[in-house]
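Novice: Can you keep this structure in mind? I'll have questions shortly.
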Amino acid sequence: MHPDDDPAGPRMSLDAAFASPDAKRRYNRRLFHVIADRYDLITRVLSYGLDRRWKQRVVALAAVAPGDRAVDLACGTGDLAGLLADGGARVVGVDLTPRMLRLARRRDPRGRLRLVAGDMAALPLPAQCADVVTAGYGLRNVAGLDTALREILRILRPGGRFVALDFDRPRNAALRGAYLGYLTVVGSTLGLALHGDPDTYRYIPASLRRYPGAEAVASRLRDIGFADAARIPLLGGLMAITTARKAPAPAPAESRYAGADGA
């Protein structure tokens with residue numbers, strides 16, 4: 001067994017998980033190993049069955065075309081990566097957790113996906129290798145959000161598209177409080193029922209409390225050089241899709257001799 005695939009080791013409290021980027025990375029690797037086999041069920045439950053429809057919208061917004069090179073970050077069990085491949089893209093799926101990647105391989109019997117273990121904040125991919133980058137429930141979980149956004153900018157080709165789906169922070173404080181409370185109760189119940197540990201899915205509202213939200217992410221994307229960054233609210237603002245485009249390369253300067261007669 002690869003050491004990164006071993007969930008054993010000292011168990012970390014939920015509060016300790018957010019003490020540092022390294023702590024969050026280690027917590028997530030262990031957490032997603034534990035929940036991998038229940039991951040698809042949980043996303044369906046917490047999205048009220050709308051998860052696949054939202055991911056289809058992500059792919060539509062990414063405007064994948066046959067032959068495009070796409071990278072799906074935090075690819076999990078590979079459902080969003082598979083939809084990109086259905087659109088004709090050549091897809092690389094990246095995930096921090098080897099157990100998730102094994103499940104994604106199982107769901108890809110035709111071998112359409114290239115699956116890579118890696119951290120979104122230090123992608124094992126060359127610069128300008130992708131026409132499209134997507135992330136389903138990944139930005140909220142990454143250890144080092146701003147670093148991850150710069151990595152996405154680095155691997156996108158000029159004009160490339162970035163589309164991310166995640167939980168969002170409602171702007172209304174009362175609604176936000178009720179939503180986080182609901183996720184805490186539901187997460188605790190599901191974690192206790194499925195894993196004997198209420199903190200398992202209580203991680204979702206805990207991470208969301210520390211997440212700046214899709215509007216702030218769009219602003220950060222603009223700050224680092226993305227164009228057309230925007231937030232698309234879903235489910236009354238409880239969820240959101242963030243879209244952005246890497247600025248196209250500047251057109252080459254026209255020669256001052258263009259159109260002149262030959263020497």
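Following the order of the structure tokens, first chain is A, next is B, and so on, with residues numbered from 1 inside each chain and ligands from 1 in the order they appear.
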If you take only C-alpha atoms and a cut-off of 12 Å, which residues of segment 91-208 of chain A touch segment 42-53 of chain A, and what are their nearest atom pairs and distances in Å to one decimal, in chain and number order, as a tab-separated table?

Specialist:
residue	atom	partner	partner_atom	distance
A:Gly136	CA	A:Asp51	CA	9.7
A:Tyr137	CA	A:Thr43	CA	9.6
A:Leu165	CA	A:Asp51	CA	9.6
A:Asp166	CA	A:Asp51	CA	10.3
A:Phe167	CA	A:Ser47	CA	9.5
A:Tyr179	CA	A:Leu46	CA	11.7
A:Tyr182	CA	A:Leu46	CA	10.6
A:Leu183	CA	A:Leu46	CA	8.5
A:Thr184	CA	A:Leu46	CA	11.7
A:Val186	CA	A:Leu46	CA	8.7
A:Gly187	CA	A:Leu46	CA	9.1
A:Thr189	CA	A:Ile42	CA	12.0
A:Leu190	CA	A:Ile42	CA	8.5
A:Gly191	CA	A:Ile42	CA	10.0
A:Leu194	CA	A:Ile42	CA	10.1
A:Thr200	CA	A:Ile42	CA	11.3
A:Tyr201	CA	A:Ile42	CA	9.0
A:Ile204	CA	A:Leu46	CA	10.3
A:Pro205	CA	A:Leu46	CA	11.7

Novice: Could you save the residues just selected, with N, CA and C atoms, as an mmCIF file, in the first residue's frame?

Specialist:
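Listing of result.cif after writing:
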data_model
loop_
_atom_site.group_PDB
_atom_site.id
_atom_site.type_symbol
_atom_site.label_atom_id
_atom_site.label_comp_id
_atom_site.auth_asym_id
_atom_site.auth_seq_id
_atom_site.Cartn_x
_atom_site.Cartn_y
_atom_site.Cartn_z
ATOM 1 N N GLY A 136 -15.283 20.320 -9.124
ATOM 2 C CA GLY A 136 -16.542 20.060 -8.441
ATOM 3 C C GLY A 136 -16.295 19.907 -6.949
ATOM 4 N N TYR A 137 -16.745 20.873 -6.166
ATOM 5 C CA TYR A 137 -16.580 20.852 -4.702
ATOM 6 C C TYR A 137 -15.108 20.798 -4.306
ATOM 7 N N LEU A 165 -17.913 24.303 -9.404
ATOM 8 C CA LEU A 165 -19.175 24.131 -8.681
ATOM 9 C C LEU A 165 -18.865 23.910 -7.206
ATOM 10 N N ASP A 166 -19.616 24.583 -6.315
ATOM 11 C CA ASP A 166 -19.383 24.337 -4.883
ATOM 12 C C ASP A 166 -20.552 24.879 -4.071
ATOM 13 N N PHE A 167 -20.571 24.488 -2.795
ATOM 14 C CA PHE A 167 -21.450 25.135 -1.835
ATOM 15 C C PHE A 167 -21.086 26.625 -1.794
ATOM 16 N N TYR A 179 -28.702 27.977 7.100
ATOM 17 C CA TYR A 179 -28.119 26.987 6.176
ATOM 18 C C TYR A 179 -26.974 26.238 6.842
ATOM 19 N N TYR A 182 -28.380 23.906 9.394
ATOM 20 C CA TYR A 182 -28.974 22.726 8.742
ATOM 21 C C TYR A 182 -27.888 21.739 8.314
ATOM 22 N N LEU A 183 -26.822 22.244 7.682
ATOM 23 C CA LEU A 183 -25.746 21.356 7.237
ATOM 24 C C LEU A 183 -25.059 20.686 8.420
ATOM 25 N N THR A 184 -24.965 21.389 9.539
ATOM 26 C CA THR A 184 -24.341 20.807 10.728
ATOM 27 C C THR A 184 -25.179 19.655 11.268
ATOM 28 N N VAL A 186 -27.606 17.877 9.644
ATOM 29 C CA VAL A 186 -27.676 16.787 8.671
ATOM 30 C C VAL A 186 -26.331 16.072 8.570
ATOM 31 N N GLY A 187 -25.250 16.850 8.539
ATOM 32 C CA GLY A 187 -23.929 16.240 8.449
ATOM 33 C C GLY A 187 -23.620 15.369 9.653
ATOM 34 N N THR A 189 -25.773 13.829 11.594
ATOM 35 C CA THR A 189 -26.629 12.642 11.543
ATOM 36 C C THR A 189 -26.103 11.626 10.540
ATOM 37 N N LEU A 190 -25.759 12.102 9.343
ATOM 38 C CA LEU A 190 -25.241 11.188 8.323
ATOM 39 C C LEU A 190 -23.893 10.604 8.735
ATOM 40 N N GLY A 191 -23.018 11.427 9.299
ATOM 41 C CA GLY A 191 -21.717 10.934 9.720
ATOM 42 C C GLY A 191 -21.839 9.863 10.776
ATOM 43 N N LEU A 194 -23.528 6.631 9.031
ATOM 44 C CA LEU A 194 -22.754 5.926 8.007
ATOM 45 C C LEU A 194 -21.341 5.553 8.449
ATOM 46 N N THR A 200 -17.653 13.523 10.479
ATOM 47 C CA THR A 200 -17.315 13.146 9.101
ATOM 48 C C THR A 200 -17.887 14.136 8.094
ATOM 49 N N TYR A 201 -19.174 14.419 8.174
ATOM 50 C CA TYR A 201 -19.792 15.356 7.234
ATOM 51 C C TYR A 201 -20.046 16.721 7.864
ATOM 52 N N ILE A 204 -18.272 19.718 6.220
ATOM 53 C CA ILE A 204 -18.804 20.567 5.143
ATOM 54 C C ILE A 204 -19.157 21.964 5.668
ATOM 55 N N PRO A 205 -20.025 22.094 6.687
ATOM 56 C CA PRO A 205 -20.291 23.453 7.174
ATOM 57 C C PRO A 205 -19.066 24.102 7.826
#

Novice: What are the DSSP strand (DSSP E or B) residues of segment 44-137 of chain A, as JSON, numbers by chain?

Specialist: {"A": [69, 70, 71, 72, 73, 90, 91, 92, 93, 94, 95, 113, 114, 115, 116, 117, 119, 122, 130, 131, 132, 133, 134, 135, 136]}

Novice: Using only C-alpha atoms, find each residue in segment 119-179 of chain A having at least one atom no more than 8 Å away from segment 54-66 of chain A; report its shortest atom-to-atom pair and that distance in Å (one decimal), rows by chain then rising number, as JSON lines.

Specialist:
{"residue": "A:Val132", "atom": "CA", "partner": "A:Ala62", "partner_atom": "CA", "distance": 6.5}
{"residue": "A:Thr134", "atom": "CA", "partner": "A:Val58", "partner_atom": "CA", "distance": 7.7}
{"residue": "A:Gly136", "atom": "CA", "partner": "A:Lys55", "partner_atom": "CA", "distance": 7.7}
{"residue": "A:Arg161", "atom": "CA", "partner": "A:Ala62", "partner_atom": "CA", "distance": 6.1}
{"residue": "A:Phe162", "atom": "CA", "partner": "A:Ala62", "partner_atom": "CA", "distance": 6.9}
{"residue": "A:Val163", "atom": "CA", "partner": "A:Ala62", "partner_atom": "CA", "distance": 6.2}
{"residue": "A:Ala164", "atom": "CA", "partner": "A:Val58", "partner_atom": "CA", "distance": 7.1}
{"residue": "A:Leu165", "atom": "CA", "partner": "A:Val58", "partner_atom": "CA", "distance": 7.2}

Novice: Apply DSSP to the backbone of this structure and, from segment 2-158 of chain A, keep only the residues in helix (DSSP H, G or I); write these as a ChimeraX atom specification.

Specialist: /A:3-5,16-18,21-46,51-62,79-86,98-106,145-155

Novice: If we count only C-alpha atoms, what is near Ala122 of chain A at a cut-off of 8 Å, once residues fewer than 6 positions away on the same chain are taken out, given as a list in words?

Specialist: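 Close residues of Ala122 of chain A: Thr147, Ala148 and Glu151 of chain A.
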
Novice: Just C-alpha atoms for this one: save the residues we selected as a short mmCIF file (atom, residue, chain, number, x, y, z; two decimals), in the first residue's frame.

Specialist:
data_model
loop_
_atom_site.label_atom_id
_atom_site.label_comp_id
_atom_site.auth_asym_id
_atom_site.auth_seq_id
_atom_site.Cartn_x
_atom_site.Cartn_y
_atom_site.Cartn_z
CA THR A 147 -2.18 29.28 -4.54
CA ALA A 148 -4.62 26.88 -6.22
CA GLU A 151 -2.01 27.07 -10.41
#

Novice: Please report the interatomic distance between atom CA of Arg99 of chain A and atom CA of Leu80 of chain A in Å with one decimal.

Specialist: 16.9 Å

Novice: Write out as a PyMOL selection string which residues come within 10 Å of Tyr211 of chain A when counting only C-alpha atoms, dropping same-chain ones fewer than 4 positions away.

Specialist: chain A and resi 139-141+145+167-169+205-207+216-217

Novice: Output C-alpha atoms for every residue in the selection just made, as a compact mmCIF listing (two decimals), in the first residue's frame.

Specialist:
# COMPACT_ATOMS: atom_id res chain seq x y z
CA LEU A 139 -12.06 25.07 -4.10
CA ARG A 140 -13.63 24.99 -0.65
CA ASN A 141 -11.46 22.03 0.32
CA LEU A 145 -7.05 28.73 -2.12
CA PHE A 167 -21.45 25.13 -1.84
CA ASP A 168 -21.77 28.89 -1.38
CA ARG A 169 -22.23 31.36 1.47
CA PRO A 205 -20.29 23.45 7.17
CA ALA A 206 -16.98 23.86 9.04
CA SER A 207 -15.14 24.36 5.75
CA ALA A 216 -15.05 36.57 -3.45
CA VAL A 217 -13.47 33.78 -5.48

Novice: So how far away is atom CA of Arg176 of chain A from atom CA of Asp119 of chain A, in Å?

Specialist: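 Value for the atom CA of Asp119 of chain A-atom CA of Arg176 of chain A distance: 29.4 Å.
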
Novice: Give me, please, the distance in Å between atom CA of Leu180 of chain A and atom CA of Ala74 of chain A, quoted to one decimal.

Specialist: 22.8 Å

Novice: So, counting only C-alpha atoms, which residue among A:Val142, A:Ala230, A:Cys129, A:Val71 is closest to Leu113 of chain A?

Specialist: A:Val71

Novice: Please provide the set of residues having any atom within 9 Å of Ala249 of chain A, restricted to only C-alpha atoms, with same-chain residues fewer than 6 positions apart removed, written as a list in words.

Specialist: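 The filter keeps Arg157, Pro158 and Gly159 of chain A.
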
Novice: Considering only C-alpha atoms, return as a PyMOL selection string whatever protein or nucleic-acid residues lie within 7 Å of Arg29 of chain A, sequence-local ones (same chain, fewer than 3 positions apart) excluded.

Specialist: chain A and resi 25-26+32-33+96-97

Novice: Choose the residue, out of A:Ile35, A:Ala70, A:Ala81, A:Leu238, that has the smallest atom-to-atom separation from Arg171 of chain A; count only C-alpha atoms.

Specialist: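 For Arg171 of chain A, the nearest of the candidates is A:Leu238.
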
Novice: With distances taken over only C-alpha atoms, which residue among A:Asp223, A:Asp15, A:Tyr27, A:Thr77 lies nearest Leu41 of chain A?

Specialist: A:Thr77

Novice: Which residues, written as a PyMOL selection string, have at least one atom at most 6 Å from Gly93 of chain A, with only C-alpha atoms counted and residues fewer than 3 positions away on the same chain left out?

Specialist: chain A and resi 71-72+75+115
